[in-house]
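Worksheet: one structure, shown below.
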Amino acid sequence: MSAEAWINLWMALLWGSAVAFFLVTLYIVIGWLRRLYLRAIGKPGSGDDG
Amino acid sequence: MGGSTLYFLIGFFAAYVALIVVTLRSRVSHTGGLAEYFVSGRDLGLGTAIATLGATEIGLITIAYNAQKGFNEGFSAFHIGLAALIGCLFVGLFGFVVKPIRRSGVLTLPEFYELRFGRHVRVFGAIVMAIGGILNMGLFLKVASAFLAAMLLANGIEFRIDLVMIVLIVISVIYTCYGGMRSVIVTDIFQFVLLSVGLLATIAFLVGIIPVSSAIDIVREHKGSAGFDPILNPNFGPDYVLWMILVAGVVSAAIWPTALSRALCIKDEQTVQRAYLFASVIFLSRMLIPAFIGVLAFCYFTGTGFGADVEMLRAHGDDADLVATPLMLGQAMPGPLLAFLVVAMFASFMSTQDSYLFCWSSIISRDILGPLTDRIDDERFQIRATQVGIVVIAIYELYWGLIYEGAEDVWDYLAVSGSIYFCSGIVLMAGGLYWRGATQRGAVWALILGFSAIVALAPLKSALGLEGVSSALIGFGAIGLSIIGLIVGSLTERHARAQPVGARRGQ
């Protein structure tokens with residue numbers, strides 16, 4: 001593989017991983033807030049446990 | 001600048017500690033028995049499982065060693081992230097090891113050794129696992145201290161970082177002893193969110209100073225093709241890349257006990273597999289994003305016009321590659337963002353500490369002390385022994401962090417010390433789960449021969465005159481020996497069993 005091909009691969013992985021990392025974090029935070037909300041309205045256990 | 005950063009730092013950290021105290025008080029239960037203390041009641045859903053899997057594998061040490069690799073090797077260090085993605089995807093797609101181990105219902109991994117190979121293998125395997133794991137965490141304190149001290153010093157904040165680190169370890173020890181695995185998982189979630197926000201904000205800020213196109217030009221100018229191509233890079237090469245797919249991917253996800261123990265806490269097998277599929281993205285990011293920050297640090301100090309204080313870097317001599325990234329962060333980032341990142345790193349250091357302290361001490365209490373004293377199911381003894389183990393390992397860590405003088409990069413030290421366990425661990429787990437013919441004798445031989453990976457540690461390597469042999473080759477050799485041990489030991493034991501009793505006695 002040429003250096004240019006490696007650069008393209010690394011850039012795709014870098015920005016792809018940054019976006020995916022952000023989305024996974026968002027998923028976790030939303031799940032967490034949802035559990036807090038469910039607990040606050042008296043319906044605990046309806047969300048993701050643990 | 002340093003004064004206001006310090007106020008932000010103290011404020012953020014106090015808020016973090018208050019948050020974990022309040023949350024742990026509401027989440028930790030002391031009525032769930034051994035399963036609650038050791039595997040968090042096995043109730044983790046998908047979101048929590050992803051967070052804890054990700055958090056245990058991304059900490060301050062991960063950032064430090066990947067940034068060091070990025071600084072030294074340029075973009076070609078990104079191959080470690082790609083290897084981690086491939087390895088973890090493989091585990092997530094096929095459920096390799098993680099699904100059957102969850103199905104077995106064990107509380108610790110050596111317990112599976114007993115189910116499959118008998119009690120002697122459980123104790124022996126636990127000893128090998130604990131030695132490899134405890135050696136592995138030996139450099140955590142030293143590396144974390146150097147990293148954080150450089151970061152704060154570059155921003156004009158001087159204080160006794162060694163005392164700060166001791167305080168962080170003490171806090172980790174207290175809450176881990178208090179809540180066991182539940183505490184570990186709760187703090188994992190906070191740490192994961194804090195660190196991911198901190199890292200993404202850092203990258204967004206840094207590429208504003210050093211555009212990616214400039215970084216590519218600077219790396220090309222100073223490192224040539226080796227800065228992009230891991231096969232051409234003399235410090236990597238094909239054997240290293242293959243070794244990374246195994247170590248950073250398959251082993252980190254499916255064999256390394258701190259990660260695999262999370263599979264034991266997840267509510268069912270299907271969720272285990274899905275959690276690993278999602279986590280493969282984190283396994284990629286945890287290597288790639290810090291390596292990219294390390295590349296930016298190289299460009300910051302090597303390029304012109306970025307306002308770097310190069311003399312401050314030169315003053316660190318041989319440690320320059322390790323502290324370049326924190327020095328850049330300290331010099332370039334605004335106070336509030338730097339303070340937030342430092343607190344995220346405090347949290348991630350504590351989170352890695354709690355995972356490792358709990359993992360190794362629970363293995364010592366459940367799989368070494370328990371079987372030897374016949375108190376495996378004695379809840380009070382097990383919890384107390386684990387708590388004592390946590391304290392003792394934390395004290396060892398303080399000692400080892402001061403005396404070890406290895407010559408290898410941090411990541412290579414971690415890979416080699418970890419291989420003391422995983423070279424035989426991967427053979428025993430895979431052999432035990434997927435080969436019906438594996439026997440106790442084969443398992444013992446595999447454990448003994450896999451231990452040969454220890455010769456890759458820098459001091460032993462030079463004592464044996466093996467400096468010219470790469471650690472990757474030694475690791476593959478140790479795995480090969482372990483596989484031979486498992487096969488030959490198992491076949492000879494089965495052959496001996498198949499003989500009539502008289503023939504076995506030589507009559």
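Residues in the structure tokens are named by chain (A, B, ... in the order shown) and by number from 1 within that chain; ligands are numbered from 1 in the order shown.
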**OP:** Please report, as a PyMOL selection string, each residue of segment 107-143 of chain B to which DSSP assigns alpha helix (DSSP H) when run on this structure's backbone.
**Re:** chain B and resi 109-117+119-136+140-143
**OP:** Could you list the residues in chain A lying within 7 Å of chain B, using only C-alpha atoms, and format the result as a PyMOL selection string?
**Re:** chain A and resi 3+6-7+10+14+17-18+20-21+25+28+31+48-50
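Among the candidate residues B:Val342, B:Ala259, B:Val295, B:Ile383, the one lying nearest to Gly33 of chain B is B:Ile383, with distances computed using only C-alpha atoms.
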Compile the contact shell of Ser417 of chain B as a PDB file with C-alpha atoms, in the first residue's frame: residues with an atom at most 9 Å away, counting only C-alpha atoms, same-chain residues fewer than 4 positions apart removed.
ATOM      1  CA  ILE B 131       1.233 -12.772  38.878  1.00  0.00           C
ATOM      2  CA  GLY B 132       0.778 -11.614  35.277  1.00  0.00           C
ATOM      3  CA  GLY B 133      -1.983  -9.185  36.178  1.00  0.00           C
ATOM      4  CA  ILE B 134      -0.335  -7.651  39.206  1.00  0.00           C
ATOM      5  CA  LEU B 135       2.963  -7.185  37.345  1.00  0.00           C
ATOM      6  CA  ASN B 136       0.932  -5.622  34.543  1.00  0.00           C
ATOM      7  CA  MET B 137      -0.453  -2.885  36.753  1.00  0.00           C
ATOM      8  CA  ASP B 412       5.210  -3.011  25.274  1.00  0.00           C
ATOM      9  CA  TYR B 413       5.725  -3.506  29.022  1.00  0.00           C
ATOM     10  CA  TYR B 421      -0.953 -14.881  31.864  1.00  0.00           C
ATOM     11  CA  ALA B 453       6.543 -15.453  27.983  1.00  0.00           C
ATOM     12  CA  ILE B 454       8.152 -13.821  31.013  1.00  0.00           C
ATOM     13  CA  ALA B 456      10.282 -10.961  27.054  1.00  0.00           C
ATOM     14  CA  LEU B 457      10.456  -8.554  30.034  1.00  0.00           C
TER      15      LEU B 457
END
**OP:** Could you check how far atom CA of Val391 of chain B sits from atom CA of Val170 of chain B, in Å to one decimal?
**Re:**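 Taking atom CA of Val391 of chain B as the start and atom CA of Val170 of chain B as the end point, the length is 8.8 Å.
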**OP:** Would you mind listing what lies within 9 Å of segment 492-496 of chain B as a list in words, with only C-alpha atoms counted and same-chain residues fewer than 3 positions away left out?
**Re:**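 With the cut-off at 9 Å, the set is Gly437, Thr439, Gln440, Arg441, Gly442, Ile487, Val488, Gly489, Gln499, Pro500 and Arg504 of chain B.
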**OP:** Between B:Val247, B:Ala315, B:Ala35, B:Ile101, single out the one closest to Asp268 of chain B, counting only C-alpha atoms.
**Re:**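 The shortest atom-to-atom distance to Asp268 of chain B comes from B:Ile101.
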Subject >> Selection: 8 Å around segment 86-88 of chain B, only C-alpha atoms, excl. self and same-chain fewer than 6 positions, as a PyMOL selection string >> reply: chain B and resi 245-246+248-251+253-254+276-277+279-280+283
For the selection you just gave me, I'd like the residues written to a file as a PDB file, in the first residue's frame, keeping C-alpha atoms.
ATOM      1  CA  ILE B 245      -4.510  -8.210  16.549  1.00  0.00           C
ATOM      2  CA  LEU B 246      -4.079 -10.898  19.172  1.00  0.00           C
ATOM      3  CA  ALA B 248      -5.027  -5.452  21.594  1.00  0.00           C
ATOM      4  CA  GLY B 249      -8.012  -7.218  20.047  1.00  0.00           C
ATOM      5  CA  VAL B 250      -8.854 -10.786  20.976  1.00  0.00           C
ATOM      6  CA  VAL B 251      -6.952 -10.953  24.274  1.00  0.00           C
ATOM      7  CA  ALA B 253     -11.649  -8.271  24.794  1.00  0.00           C
ATOM      8  CA  ALA B 254     -12.077 -11.975  25.479  1.00  0.00           C
ATOM      9  CA  TYR B 276     -18.959  -6.698  22.622  1.00  0.00           C
ATOM     10  CA  LEU B 277     -20.123  -5.697  19.143  1.00  0.00           C
ATOM     11  CA  ALA B 279     -17.627  -2.071  22.416  1.00  0.00           C
ATOM     12  CA  SER B 280     -15.477  -2.859  19.369  1.00  0.00           C
ATOM     13  CA  PHE B 283     -11.673  -0.626  21.448  1.00  0.00           C
TER      14      PHE B 283
END
**OP:** Quick one: everything within 10 Å of Leu168 of chain B, counting only C-alpha atoms, minus sequence neighbours fewer than 5 positions away in the same chain. Send it as a ChimeraX atom specification.
**Re:** /B:162-163,173,346-347,349-351,353
Taking C-alpha atoms for each residue, export the selection above as an mmCIF file, in the first residue's frame.
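Listed below is the output, out35.cif:
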data_model
loop_
_atom_site.group_PDB
_atom_site.id
_atom_site.type_symbol
_atom_site.label_atom_id
_atom_site.label_comp_id
_atom_site.auth_asym_id
_atom_site.auth_seq_id
_atom_site.Cartn_x
_atom_site.Cartn_y
_atom_site.Cartn_z
ATOM 1 C CA ASP B 162 2.749 11.738 44.135
ATOM 2 C CA LEU B 163 0.559 12.678 47.098
ATOM 3 C CA VAL B 173 -9.484 1.289 47.609
ATOM 4 C CA PHE B 346 -8.214 11.381 37.683
ATOM 5 C CA ALA B 347 -11.533 9.558 37.295
ATOM 6 C CA PHE B 349 -7.094 6.460 36.726
ATOM 7 C CA MET B 350 -9.317 5.591 39.682
ATOM 8 C CA SER B 351 -11.589 3.524 37.485
ATOM 9 C CA GLN B 353 -7.370 1.087 39.639
#
